[in-house]
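Have a look at the structure below before the remarks.
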There are 2 protein chains.
Amino acid sequence: MAGELTERRQMILKLVIQEFIETAQPISSKILVERYGLTYSPATVRNELAVLEELGYLTHRHTSDGRIPTDMGYRLFVESLMDRVPLSPAEKRTIRHQFYQVRSDLDQWIELAGAVLARTSQNASVVTMPRAYEARFKHLELIAIHDTTILMVLVLHDGSIKQQTLTFDTPRTQEELRRSSNKLNEHNYEASVRAVEDLLQTDYAAVVPVFDDLEHKVLEMVIRAMNQLEEQINAKIHSDGLLEILNQPEFSQVQRVRQMIEILQSGKGLGSLIPQVLARDGVQVVIGGEHGKDEMREYSVVLARYGSNDHAVGVLGVIGPTRMAYPRSISTVDYISTVMSDLLDEMYGVDRSS
Amino acid sequence: MAGELTERRQMILKLVIQEFIETAQPISSKILVERYGLTYSPATVRNELAVLEELGYLTHRHTSDGRIPTDMGYRLFVESLMDRVPLSPAEKRTIRHQFYQVRSDLDQWIELAGAVLARTSQNASVVTMPRAYEARFKHLELIAIHDTTILMVLVLHDGSIKQQTLTFDTPRTQEELRRSSNKLNEHNYEASVRAVEDLLQTDYAAVVPVFDDLEHKVLEMVIRAMNQLEEQINAKIHSDGLLEILNQPEFSQVQRVRQMIEILQSGKGLGSLIPQVLARDGVQVVIGGEHGKDEMREYSVVLARYGSNDHAVGVLGVIGPTRMAYPRSISTVDYISTVMSDLLDEMYGVDRSS
DNA sequence: CTTAGCACTCTCGCAGGGAGAGTGCTAACT
DNA sequence: AGTTAGCACTCTCCCTGCGAGAGTGCTAAG
């Protein structure tokens, strides 16, 4: 009785999953025959369903209930059964156009990506800022807010910006601050955190220090800020689509809504996926309990990285119930990651045609 | 039978509201007598409740159900019935300490304020960035990302920052960019949008222009950015506490959760309150349907502004079901707005002792 | 291998009934 | 005149039982 995964069984499995994804209802043999005009009778289909269940691709909740896919079933579906449906040219054009319109504002890219992902997939979306692996100093600006308060704006190589205020005892003029920032900028050109630290240590030890008290203080802030930015590499996850995902029938209980909010807010369960996504190219799908996290057992994620290792990389994707429109989600994630990679390449002057 | 609002009736109304806020259950005459050891019998209390209902302070859903407060009841409660309970010194110390720890990072103030408001009041919270009424130019920085891409960082007088990228045909060195930004900074010191616009127009019309093509382009971006920032004065509302508010029993239906998410995300209904909050000092409470918005009929907000008109102002507060712990919410909002005002004053060097 | 038939199981929705809680009214009491 | 006890009435809530419906699994025949 050990069943093989025959051609026909694969076909039936595919239909079950497609139908379940669409209706969110357990699928019966009768429905399958009716809806897809199968040439077999419900009884035959039932036999096949029983085998598929034995093989582990399907389950049902109780004796007299239709079949629902298991994680393993979804996995097979994603891997080899499903039809890939690329976004329509019209959709692609719209998306690309929207990104074009906000091309000058990085924050808005992220927001837009989140919104488009959520709308197109009717799921929640997650997007991280594009970030370089290593923080490198790019530019520093000191701005007098008033006599003894300074706003420090630190710009890193990958475009990330950190602003901090700093209070100081002896007042400085904007002109003095300009001289200080120029000096600091020159000494730290493209410097890594280590380099800045070394610079500071050396100066502390020097007989004739290059930097004054204020500058030392600023350098310490710079080091702290760079360390912070490096630690939280892609850790700050921007999410959207809470409203969209509430349309999905699995969120008819508040309990599930709470779970989802927790997942999105804390990045719990998501954070651990990011290194893995960054390591490889292409869209990656994690289904239900596939990665140990218990709180994610009922959800799937579709993620891809964007950007290039040379400059900055980020991660984007969607998260939703395991019963997710995988083909569409995958296409959307794939396309948007391409668009954003293109935009980044353009910004960093990479020639894509090579 | 036209009832007066006697002392005793006020007392009973206060008890009803306090009890309802705590238990979220309709309040019966029996409960009141039992829980508060009243010297009257339930029947007497019933008579009083009937009068309070006639006066419009209470309702009940059906004949044999306990009383629940009306918006008008809550209003009276907030205005004159409730006991003000300030935060405990320990709570105050904790809060102030938390703010002290992130004092150098404005973004973190906002986040912290949102988190503390939500946690302390067990409701959702809203916070806007501190912003000046009028956008005034403070500082501009041009940073070469690569040959033909520039990152422009614009800092306004009130500390708000806007970053934009800009692509340009002919490559510039960082040194050239530094000269340009210095020139632009000098010409635009403390300038309003109008002033920048005038500067640009004058230069376009001049026989011998002061600025070159790139600088013109940058000025145009500056104008656009400043206009954007001015328009969205306090429009970008940071919210938190979705998880906290789900603990409230009124959010046991997903429908309510959806409403709340919509309110928080869109700022619908909240946005229209902001001008009114900015106009006055002190904590302001809007209960249920008091301001026409239908989608807010079941919710109350407690808001206060913080900061000072001279420099920058923002709004913060909590939002929750009309059955809200008003005393605690009001105290919390009040205290946090004070703390944040102090921080801002300190930053702008205002002497508070005067 | 496929199919028809049938017994069996489980869910879901609905109706009925009783317990419980609370009110409003009336009449008696202080 | 205010207060209280008593009581009928109303409405919710929960439990139970029941029938309809849907779907399966098995068996035996095609």
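Labels used: A, B, ... for chains in the order of the structure tokens, numbers from 1 for residues in each chain, and numbers from 1 for ligands as shown.
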
Test item: residues at most 9 Å from segment 22-29 of chain D, only C-alpha atoms (C1' of nucleotides), excluding those fewer than 5 positions along its chain, as a ChimeraX atom specification
/A:28-30,46,63-66 /C:3-4,8-9,11

With N, CA and C atoms (P, O5', C5', C4', C3', O3' and C1' of nucleotides) retained, could you export that selection as a compact mmCIF listing (two decimals), in the first residue's frame?
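Saved file selection07.txt follows:
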# COMPACT_ATOMS: atom_id res chain seq x y z
N SER A 28 -12.97 18.87 -0.39
CA SER A 28 -13.53 17.52 -0.46
C SER A 28 -13.34 16.96 -1.86
N SER A 29 -13.44 15.64 -1.94
CA SER A 29 -13.29 14.97 -3.23
C SER A 29 -14.34 15.47 -4.21
N LYS A 30 -15.53 15.68 -3.73
CA LYS A 30 -16.62 16.10 -4.60
C LYS A 30 -16.29 17.45 -5.25
N ARG A 46 -10.97 10.19 -3.78
CA ARG A 46 -10.84 9.95 -2.34
C ARG A 46 -9.70 8.99 -2.04
N THR A 63 -12.62 13.09 11.06
CA THR A 63 -12.98 12.07 10.08
C THR A 63 -13.74 12.60 8.88
N SER A 64 -14.75 13.37 9.14
CA SER A 64 -15.61 13.74 8.02
C SER A 64 -15.31 15.16 7.55
N ASP A 65 -14.07 15.42 7.38
CA ASP A 65 -13.73 16.77 6.97
C ASP A 65 -12.85 16.70 5.73
N GLY A 66 -12.91 17.72 4.93
CA GLY A 66 -12.08 17.76 3.72
C GLY A 66 -10.60 17.85 4.06
P DT C 3 -13.79 6.22 -12.33
O5' DT C 3 -15.06 5.62 -11.61
C5' DT C 3 -15.86 4.68 -12.30
C4' DT C 3 -16.83 4.03 -11.36
C3' DT C 3 -17.66 4.99 -10.52
O3' DT C 3 -19.03 4.75 -10.75
C1' DT C 3 -16.81 3.21 -9.21
P DA C 4 -20.02 5.94 -10.61
O5' DA C 4 -21.14 5.22 -9.76
C5' DA C 4 -21.62 3.95 -10.17
C4' DA C 4 -22.17 3.21 -8.98
C3' DA C 4 -23.10 4.04 -8.08
O3' DA C 4 -24.30 3.31 -7.87
C1' DA C 4 -21.38 3.03 -6.79
P DC C 8 -23.24 1.85 10.94
O5' DC C 8 -22.13 2.98 11.13
C5' DC C 8 -20.85 2.79 10.55
C4' DC C 8 -20.08 4.09 10.67
C3' DC C 8 -20.42 4.89 11.93
O3' DC C 8 -19.22 5.16 12.63
C1' DC C 8 -20.51 6.27 10.02
P DT C 9 -19.32 5.87 14.06
O5' DT C 9 -18.72 7.29 13.70
C5' DT C 9 -17.56 7.38 12.88
C4' DT C 9 -17.26 8.84 12.63
C3' DT C 9 -17.48 9.74 13.84
O3' DT C 9 -16.37 10.60 13.93
C1' DT C 9 -18.69 10.58 12.00
P DT C 11 -16.32 17.89 15.46
O5' DT C 11 -17.14 18.80 14.44
C5' DT C 11 -16.58 19.07 13.16
C4' DT C 11 -17.51 19.99 12.40
C3' DT C 11 -17.93 21.25 13.15
O3' DT C 11 -17.86 22.34 12.25
C1' DT C 11 -19.85 20.05 12.48

Which polymer residues have any atom within 10 Å of an atom of DT4 of chain D, counting only C-alpha atoms (C1' of nucleotides), with same-chain residues fewer than 6 positions away left out, as JSON, numbers by chain?
{"B": [40, 41, 42, 43, 44], "C": [28, 29, 30]}

What would chain A look like once superposed on chain B, with the fit done by least squares over all C-alpha atoms paired in order? Give it as a CSV table (one decimal) with C-alpha atoms, in the first residue's frame.
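As written to disk, part-v2.csv reads:
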chain,number,residue,atom,x,y,z
A,1,MET,CA,-39.9,64.4,38.6
A,2,ALA,CA,-37.3,66.6,36.9
A,3,GLY,CA,-34.2,65.5,38.9
A,4,GLU,CA,-31.6,67.7,40.3
A,5,LEU,CA,-28.0,66.6,40.3
A,6,THR,CA,-27.8,66.3,44.1
A,7,GLU,CA,-24.6,65.6,46.0
A,8,ARG,CA,-25.5,62.0,46.4
A,9,ARG,CA,-26.3,61.4,42.8
A,10,GLN,CA,-23.0,62.8,41.8
A,11,MET,CA,-21.4,60.4,44.3
A,12,ILE,CA,-23.3,57.5,42.8
A,13,LEU,CA,-22.4,58.5,39.3
A,14,LYS,CA,-18.8,58.7,40.2
A,15,LEU,CA,-18.9,55.2,41.7
A,16,VAL,CA,-20.7,53.8,38.6
A,17,ILE,CA,-18.1,55.2,36.3
A,18,GLN,CA,-15.1,54.2,38.4
A,19,GLU,CA,-16.5,50.7,38.7
A,20,PHE,CA,-17.3,50.5,35.0
A,21,ILE,CA,-13.9,51.7,34.0
A,22,GLU,CA,-12.4,49.0,36.2
A,23,THR,CA,-14.6,46.0,35.3
A,24,ALA,CA,-16.0,46.9,31.9
A,25,GLN,CA,-19.3,45.3,33.1
A,26,PRO,CA,-22.6,47.1,33.3
A,27,ILE,CA,-23.1,48.2,36.9
A,28,SER,CA,-26.1,47.1,39.0
A,29,SER,CA,-27.5,48.8,42.1
A,30,LYS,CA,-26.6,45.7,44.1
A,31,ILE,CA,-23.0,45.7,43.1
A,32,LEU,CA,-22.7,49.4,44.1
A,33,VAL,CA,-24.2,48.8,47.5
A,34,GLU,CA,-22.1,45.7,48.2
A,35,ARG,CA,-18.8,46.9,46.9
A,36,TYR,CA,-18.9,50.4,48.4
A,37,GLY,CA,-20.8,49.6,51.6
A,38,LEU,CA,-23.4,52.2,50.9
A,39,THR,CA,-25.9,53.0,53.7
A,40,TYR,CA,-28.8,52.9,51.3
A,41,SER,CA,-30.5,49.9,49.9
A,42,PRO,CA,-30.2,48.8,46.3
A,43,ALA,CA,-33.8,50.1,45.7
A,44,THR,CA,-32.8,53.6,46.7
A,45,VAL,CA,-29.8,53.4,44.5
A,46,ARG,CA,-32.0,52.2,41.7
A,47,ASN,CA,-34.1,55.3,42.0
A,48,GLU,CA,-31.1,57.5,41.8
A,49,LEU,CA,-29.7,55.6,38.9
A,50,ALA,CA,-33.1,56.1,37.1
A,51,VAL,CA,-32.8,59.8,37.7
A,52,LEU,CA,-29.2,59.9,36.4
A,53,GLU,CA,-30.3,58.1,33.4
A,54,GLU,CA,-33.1,60.6,32.9
A,55,LEU,CA,-30.6,63.4,33.2
A,56,GLY,CA,-28.5,61.7,30.4
A,57,TYR,CA,-25.5,60.6,32.3
A,58,LEU,CA,-26.2,56.9,32.1
A,59,THR,CA,-27.8,54.4,29.9
A,60,HIS,CA,-28.4,50.7,29.8
A,61,ARG,CA,-28.6,48.4,26.9
A,62,HIS,CA,-31.8,46.6,27.8
A,63,THR,CA,-34.4,46.5,30.5
A,64,SER,CA,-32.7,44.1,32.8
A,65,ASP,CA,-29.2,45.3,32.4
A,66,GLY,CA,-26.9,47.4,34.6
A,67,ARG,CA,-26.0,51.0,33.9
A,68,ILE,CA,-23.1,52.2,31.7
A,69,PRO,CA,-22.0,55.8,31.4
A,70,THR,CA,-22.8,58.0,28.4
A,71,ASP,CA,-20.3,60.4,26.9
A,72,MET,CA,-22.0,63.1,28.9
A,73,GLY,CA,-21.4,61.1,32.1
A,74,TYR,CA,-17.7,60.7,31.3
A,75,ARG,CA,-17.5,64.3,30.6
A,76,LEU,CA,-18.9,65.3,34.0
A,77,PHE,CA,-16.6,62.7,35.5
A,78,VAL,CA,-13.5,64.1,33.9
A,79,GLU,CA,-14.5,67.7,34.5
A,80,SER,CA,-15.4,67.6,38.2
A,81,LEU,CA,-16.1,64.2,39.6
A,82,MET,CA,-12.9,62.2,39.3
A,83,ASP,CA,-10.0,62.1,41.8
A,84,ARG,CA,-6.8,63.3,40.2
A,85,VAL,CA,-4.1,60.7,40.9
A,86,PRO,CA,-0.6,61.9,40.0
A,87,LEU,CA,2.0,59.4,39.1
A,88,SER,CA,4.0,58.1,42.0
A,89,PRO,CA,7.4,59.6,42.6
A,90,ALA,CA,8.9,56.3,41.7
A,91,GLU,CA,7.1,56.2,38.4
A,92,LYS,CA,8.1,59.7,37.7
A,93,ARG,CA,11.7,59.0,38.5
A,94,THR,CA,11.8,56.0,36.2
A,95,ILE,CA,10.3,57.9,33.3
A,96,ARG,CA,12.6,60.8,33.7
A,97,HIS,CA,15.5,58.5,33.9
A,98,GLN,CA,14.6,56.7,30.8
A,99,PHE,CA,14.3,59.9,28.9
A,100,TYR,CA,17.7,61.0,30.3
A,101,GLN,CA,19.3,57.9,28.9
A,102,VAL,CA,18.2,58.7,25.4
A,103,ARG,CA,18.5,62.5,25.7
A,104,SER,CA,20.9,62.8,22.7
A,105,ASP,CA,18.6,61.1,20.2
A,106,LEU,CA,15.5,62.8,19.2
A,107,ASP,CA,14.0,59.8,17.4
A,108,GLN,CA,14.3,57.8,20.5
A,109,TRP,CA,12.5,60.4,22.5
A,110,ILE,CA,9.5,59.9,20.3
A,111,GLU,CA,9.7,56.1,20.5
A,112,LEU,CA,10.2,56.2,24.2
A,113,ALA,CA,7.3,58.6,24.8
A,114,GLY,CA,5.0,56.3,22.7
A,115,ALA,CA,6.1,53.2,24.6
A,116,VAL,CA,5.8,54.7,28.1
A,117,LEU,CA,2.4,56.2,27.3
A,118,ALA,CA,1.1,52.9,26.0
A,119,ARG,CA,2.5,50.9,28.9
A,120,THR,CA,1.4,53.2,31.6
A,121,SER,CA,-2.1,53.8,30.3
A,122,GLN,CA,-2.6,50.4,28.8
A,123,ASN,CA,-3.9,52.1,25.7
A,124,ALA,CA,-2.6,53.1,22.3
A,125,SER,CA,-0.4,56.1,22.1
A,126,VAL,CA,0.3,58.8,19.6
A,127,VAL,CA,3.2,61.1,19.4
A,128,THR,CA,4.3,63.7,16.8
A,129,MET,CA,7.8,65.0,16.3
A,130,PRO,CA,8.5,68.4,17.8
A,131,ARG,CA,8.2,70.9,14.9
A,132,ALA,CA,8.4,74.6,14.4
A,133,TYR,CA,5.4,76.3,12.9
A,134,GLU,CA,7.5,77.8,10.1
A,135,ALA,CA,10.2,75.9,8.4
A,136,ARG,CA,13.5,77.8,8.6
A,137,PHE,CA,16.6,76.8,6.8
A,138,LYS,CA,19.4,75.9,9.1
A,139,HIS,CA,22.0,73.9,7.3
A,140,LEU,CA,22.7,72.1,4.1
A,141,GLU,CA,25.1,69.4,3.3
A,142,LEU,CA,26.0,67.9,-0.1
A,143,ILE,CA,27.8,64.5,0.0
A,144,ALA,CA,29.1,62.7,-3.1
A,145,ILE,CA,27.7,59.2,-3.2
A,146,HIS,CA,29.5,58.6,-6.4
A,147,ASP,CA,30.4,60.6,-9.5
A,148,THR,CA,27.0,61.8,-10.4
A,149,THR,CA,24.9,61.1,-7.4
A,150,ILE,CA,24.7,63.4,-4.5
A,151,LEU,CA,23.1,63.0,-1.1
A,152,MET,CA,21.6,66.2,0.1
A,153,VAL,CA,21.0,66.5,3.9
A,154,LEU,CA,18.9,69.4,4.8
A,155,VAL,CA,18.6,70.4,8.5
A,156,LEU,CA,15.9,72.8,9.6
A,157,HIS,CA,16.0,75.2,12.4
A,158,ASP,CA,13.7,73.0,14.5
A,159,GLY,CA,16.1,70.0,14.1
A,160,SER,CA,14.1,68.2,11.5
A,161,ILE,CA,16.2,66.5,8.9
A,162,LYS,CA,15.4,65.6,5.3
A,163,GLN,CA,17.6,63.6,3.1
A,164,GLN,CA,17.3,63.4,-0.6
A,165,THR,CA,19.4,62.1,-3.4
A,166,LEU,CA,20.1,63.9,-6.6
A,167,THR,CA,21.6,62.8,-9.8
A,168,PHE,CA,23.5,65.2,-12.0
A,169,ASP,CA,25.1,65.0,-15.4
A,170,THR,CA,28.6,66.4,-14.8
A,171,PRO,CA,30.6,64.8,-12.0
A,172,ARG,CA,31.6,66.9,-9.0
A,173,THR,CA,34.3,66.3,-6.5
A,174,GLN,CA,33.5,66.4,-2.8
A,175,GLU,CA,35.6,69.6,-2.6
A,176,GLU,CA,33.4,71.3,-5.2
A,177,LEU,CA,30.3,70.2,-3.4
A,178,ARG,CA,31.7,71.6,-0.2
A,179,ARG,CA,32.2,75.0,-1.8
A,180,SER,CA,28.6,74.8,-3.1
A,181,SER,CA,27.1,73.9,0.2
A,182,ASN,CA,29.1,76.7,2.0
A,183,LYS,CA,27.8,79.2,-0.5
A,184,LEU,CA,24.2,78.0,-0.2
A,185,ASN,CA,24.4,77.9,3.6
A,186,GLU,CA,25.6,81.5,3.7
A,187,HIS,CA,22.9,82.8,1.5
A,188,ASN,CA,20.1,81.0,3.2
A,189,TYR,CA,20.9,81.5,6.9
A,190,GLU,CA,17.7,81.1,8.8
A,191,ALA,CA,15.7,81.6,5.6
A,192,SER,CA,12.0,80.8,5.3
A,193,VAL,CA,10.7,79.0,2.3
A,194,ARG,CA,9.6,82.3,0.8
A,195,ALA,CA,13.1,83.7,1.2
A,196,VAL,CA,14.7,80.7,-0.5
A,197,GLU,CA,12.2,81.0,-3.3
A,198,ASP,CA,13.0,84.7,-3.7
A,199,LEU,CA,16.7,84.0,-3.8
A,200,LEU,CA,16.3,81.4,-6.5
A,201,GLN,CA,14.0,83.6,-8.6
A,202,THR,CA,16.3,86.6,-8.3
A,203,ASP,CA,19.2,84.5,-9.4
A,204,TYR,CA,17.4,83.0,-12.4
A,205,ALA,CA,16.6,86.6,-13.5
A,206,ALA,CA,20.1,87.9,-12.8
A,207,VAL,CA,22.5,88.7,-15.6
A,208,VAL,CA,25.4,87.3,-13.7
A,209,PRO,CA,23.9,84.5,-11.6
A,210,VAL,CA,25.5,83.7,-8.2
A,211,PHE,CA,24.6,80.1,-8.5
A,212,ASP,CA,25.4,77.4,-11.1
A,213,ASP,CA,23.2,74.7,-12.5
A,214,LEU,CA,23.8,72.2,-9.7
A,215,GLU,CA,23.1,74.8,-7.1
A,216,HIS,CA,19.9,75.8,-8.7
A,217,LYS,CA,18.8,72.3,-8.7
A,218,VAL,CA,19.7,71.9,-5.1
A,219,LEU,CA,17.8,75.0,-4.2
A,220,GLU,CA,14.7,73.7,-5.9
A,221,MET,CA,15.0,70.5,-3.9
A,222,VAL,CA,15.4,72.6,-0.8
A,223,ILE,CA,12.2,74.5,-1.5
A,224,ARG,CA,10.3,71.3,-2.2
A,225,ALA,CA,11.6,69.6,0.9
A,226,MET,CA,10.8,72.6,3.1
A,227,ASN,CA,7.4,72.9,1.7
A,228,GLN,CA,6.8,69.2,2.3
A,229,LEU,CA,8.0,69.5,5.9
A,230,GLU,CA,5.8,72.5,6.5
A,231,GLU,CA,2.8,70.9,5.1
A,232,GLN,CA,3.1,67.8,7.2
A,233,ILE,CA,3.6,69.7,10.4
A,234,ASN,CA,2.9,67.2,13.0
A,235,ALA,CA,1.1,65.2,10.4
A,236,LYS,CA,3.3,62.2,10.8
A,237,ILE,CA,1.9,60.5,13.8
A,238,HIS,CA,4.0,57.9,15.5
A,239,SER,CA,1.9,55.4,17.3
A,240,ASP,CA,2.4,52.5,19.6
A,241,GLY,CA,0.6,50.3,22.1
A,242,LEU,CA,-1.5,48.2,19.7
A,243,LEU,CA,-0.6,45.2,21.7
A,244,GLU,CA,-1.5,47.0,25.0
A,245,ILE,CA,-4.9,48.0,23.8
A,246,LEU,CA,-5.7,44.5,22.7
A,247,ASN,CA,-5.8,43.7,26.4
A,248,GLN,CA,-8.9,45.8,26.7
A,249,PRO,CA,-12.0,43.7,26.6
A,250,GLU,CA,-13.6,46.0,23.9
A,251,PHE,CA,-11.1,44.6,21.4
A,252,SER,CA,-12.3,41.0,21.6
A,253,GLN,CA,-13.9,41.5,18.1
A,254,VAL,CA,-11.6,41.8,15.2
A,255,GLN,CA,-13.8,44.5,13.8
A,256,ARG,CA,-12.8,46.8,16.6
A,257,VAL,CA,-9.2,46.0,16.2
A,258,ARG,CA,-9.4,46.9,12.5
A,259,GLN,CA,-11.0,50.2,13.4
A,260,MET,CA,-8.3,51.0,15.8
A,261,ILE,CA,-5.6,50.1,13.3
A,262,GLU,CA,-7.2,52.4,10.8
A,263,ILE,CA,-7.4,55.2,13.2
A,264,LEU,CA,-3.8,54.9,14.2
A,265,GLN,CA,-2.4,54.4,10.7
A,266,SER,CA,-4.3,57.0,8.9
A,267,GLY,CA,-4.4,59.6,11.6
A,268,LYS,CA,-8.0,60.0,10.5
A,269,GLY,CA,-9.9,61.8,13.2
A,270,LEU,CA,-6.7,62.4,15.0
A,271,GLY,CA,-5.3,64.9,12.6
A,272,SER,CA,-8.2,67.2,12.9
A,273,LEU,CA,-7.6,67.4,16.7
A,274,ILE,CA,-4.0,68.5,16.5
A,275,PRO,CA,-4.5,72.2,15.7
A,276,GLN,CA,-6.9,72.5,18.6
A,277,VAL,CA,-4.4,70.8,20.9
A,278,LEU,CA,-1.6,73.0,19.8
A,279,ALA,CA,-3.7,76.1,20.4
A,280,ARG,CA,-4.0,75.6,24.1
A,281,ASP,CA,-1.9,74.6,27.1
A,282,GLY,CA,-2.7,71.6,29.3
A,283,VAL,CA,-4.2,68.2,28.8
A,284,GLN,CA,-7.3,68.0,26.6
A,285,VAL,CA,-9.8,65.2,26.6
A,286,VAL,CA,-12.1,64.3,23.8
A,287,ILE,CA,-14.7,61.8,24.7
A,288,GLY,CA,-16.4,59.5,22.2
A,289,GLY,CA,-18.6,61.3,19.7
A,290,GLU,CA,-17.8,64.7,21.0
A,291,HIS,CA,-16.1,65.7,17.9
A,292,GLY,CA,-18.3,64.8,15.0
A,293,LYS,CA,-16.2,62.0,13.6
A,294,ASP,CA,-18.3,58.9,13.4
A,295,GLU,CA,-15.4,56.5,13.4
A,296,MET,CA,-14.3,57.8,16.8
A,297,ARG,CA,-17.6,57.5,18.5
A,298,GLU,CA,-16.5,54.6,20.7
A,299,TYR,CA,-13.1,56.0,21.5
A,300,SER,CA,-11.6,58.8,23.6
A,301,VAL,CA,-8.4,60.6,23.3
A,302,VAL,CA,-6.3,62.4,25.9
A,303,LEU,CA,-3.8,64.8,24.3
A,304,ALA,CA,-1.4,67.5,25.3
A,305,ARG,CA,1.1,69.5,23.5
A,306,TYR,CA,4.7,69.8,24.5
A,307,GLY,CA,7.6,72.1,23.7
A,308,SER,CA,7.3,75.8,23.3
A,309,ASN,CA,5.9,78.0,20.6
A,310,ASP,CA,9.2,79.8,20.3
A,311,HIS,CA,11.1,76.8,19.1
A,312,ALA,CA,9.2,73.6,18.4
A,313,VAL,CA,6.0,72.0,19.5
A,314,GLY,CA,4.5,68.5,19.2
A,315,VAL,CA,1.5,66.6,20.4
A,316,LEU,CA,1.3,63.5,22.4
A,317,GLY,CA,-1.4,61.5,24.0
A,318,VAL,CA,-3.3,58.2,24.3
A,319,ILE,CA,-6.3,56.8,22.6
A,320,GLY,CA,-8.6,54.1,23.9
A,321,PRO,CA,-12.2,53.1,24.4
A,322,THR,CA,-14.4,55.7,26.0
A,323,ARG,CA,-14.2,53.4,29.0
A,324,MET,CA,-10.7,54.6,29.8
A,325,ALA,CA,-8.9,55.1,33.0
A,326,TYR,CA,-9.1,58.9,32.6
A,327,PRO,CA,-7.3,59.9,35.8
A,328,ARG,CA,-4.3,57.8,35.1
A,329,SER,CA,-4.2,58.7,31.4
A,330,ILE,CA,-4.4,62.4,32.1
A,331,SER,CA,-1.7,62.2,34.7
A,332,THR,CA,0.6,60.3,32.4
A,333,VAL,CA,0.0,62.5,29.4
A,334,ASP,CA,0.5,65.5,31.6
A,335,TYR,CA,3.7,64.3,33.1
A,336,ILE,CA,5.3,63.1,29.9
A,337,SER,CA,4.5,66.3,28.1
A,338,THR,CA,6.2,68.2,31.0
A,339,VAL,CA,9.3,66.0,30.8
A,340,MET,CA,9.6,66.4,27.0
A,341,SER,CA,9.0,70.2,27.3
A,342,ASP,CA,11.8,70.3,29.8
A,343,LEU,CA,14.1,68.3,27.6
A,344,LEU,CA,13.4,70.6,24.6
A,345,ASP,CA,13.9,73.7,26.7
A,346,GLU,CA,17.2,72.4,27.8
A,347,MET,CA,18.2,71.6,24.3
A,348,TYR,CA,17.3,75.1,23.1
A,349,GLY,CA,18.9,76.7,26.2
A,350,VAL,CA,15.7,78.1,27.7
A,351,ASP,CA,16.0,79.1,31.3
A,352,ARG,CA,13.1,77.4,33.0
A,353,SER,CA,13.5,79.1,36.4
A,354,SER,CA,12.4,82.5,35.0

Enumerate the residues of segment 70-295 of chain B with a DSSP assignment of alpha helix (DSSP H), computed from the backbone, and present them as a ChimeraX atom specification.
/B:71-76,89-101,106-121,174-187,193-205,213-231,242-245,254-266,274-279

Going by DSSP on the backbone, which residues of segment 2-165 of chain B come out as strand (DSSP E)? List them as an NGL selection string.
:B and (58-59 or 68-69 or 124-128 or 137-146 or 149-156 or 161-165)

Within 12 Å of chain B, which residues of chain D show up when using only C-alpha atoms (C1' of nucleotides), listed as a list in words?
DG2, DT3, DT4, DA5, DG6, DC9, DT10, DC11 and DT12 of chain D

Could you save those same residues with C-alpha atoms (C1' of nucleotides) as a PDB file, in the first residue's frame?
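Produced file again_17.pdb, reproduced below:
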ATOM      1  C1'  DG D   2     -37.559  59.810  51.534  1.00  0.00           C
ATOM      2  C1'  DT D   3     -36.499  54.901  52.031  1.00  0.00           C
ATOM      3  C1'  DT D   4     -37.146  50.146  51.681  1.00  0.00           C
ATOM      4  C1'  DA D   5     -38.979  45.337  50.889  1.00  0.00           C
ATOM      5  C1'  DG D   6     -41.307  42.551  47.772  1.00  0.00           C
ATOM      6  C1'  DC D   9     -41.155  41.084  34.456  1.00  0.00           C
ATOM      7  C1'  DT D  10     -37.433  41.090  31.011  1.00  0.00           C
ATOM      8  C1'  DC D  11     -33.480  39.838  28.894  1.00  0.00           C
ATOM      9  C1'  DT D  12     -29.070  37.350  28.564  1.00  0.00           C
TER      10       DT D  12
END

Counting only C-alpha atoms (C1' of nucleotides), which residues of chain C come no farther than 9 Å from chain B, as a ChimeraX atom specification?
/C:21-24

Take the selection from the previous step and output its residues with N, CA and C atoms (P, O5', C5', C4', C3', O3' and C1' of nucleotides), as a short mmCIF file (atom, residue, chain, number, x, y, z; two decimals), in the first residue's frame.
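Result file selection.cif:
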data_model
loop_
_atom_site.label_atom_id
_atom_site.label_comp_id
_atom_site.auth_asym_id
_atom_site.auth_seq_id
_atom_site.Cartn_x
_atom_site.Cartn_y
_atom_site.Cartn_z
P DA C 21 -26.40 35.52 39.63
"O5'" DA C 21 -26.52 36.96 38.99
"C5'" DA C 21 -26.24 37.12 37.60
"C4'" DA C 21 -26.97 38.34 37.11
"C3'" DA C 21 -27.10 39.45 38.16
"O3'" DA C 21 -26.71 40.67 37.57
"C1'" DA C 21 -29.20 38.97 37.20
P DG C 22 -26.32 41.85 38.52
"O5'" DG C 22 -27.49 42.85 38.16
"C5'" DG C 22 -27.70 43.18 36.79
"C4'" DG C 22 -29.07 43.76 36.65
"C3'" DG C 22 -29.45 44.74 37.76
"O3'" DG C 22 -29.54 46.05 37.23
"C1'" DG C 22 -31.23 43.25 37.22
P DT C 23 -30.01 47.26 38.17
"O5'" DT C 23 -31.40 47.62 37.49
"C5'" DT C 23 -31.51 47.57 36.08
"C4'" DT C 23 -32.98 47.51 35.70
"C3'" DT C 23 -33.81 48.63 36.31
"O3'" DT C 23 -34.40 49.40 35.29
"C1'" DT C 23 -34.82 46.49 36.70
P DG C 24 -34.92 50.81 35.62
"O5'" DG C 24 -36.46 50.52 35.93
"C5'" DG C 24 -37.25 49.90 34.93
"C4'" DG C 24 -38.66 49.74 35.44
"C3'" DG C 24 -39.21 50.98 36.16
"O3'" DG C 24 -40.57 51.15 35.75
"C1'" DG C 24 -39.22 49.13 37.65
#
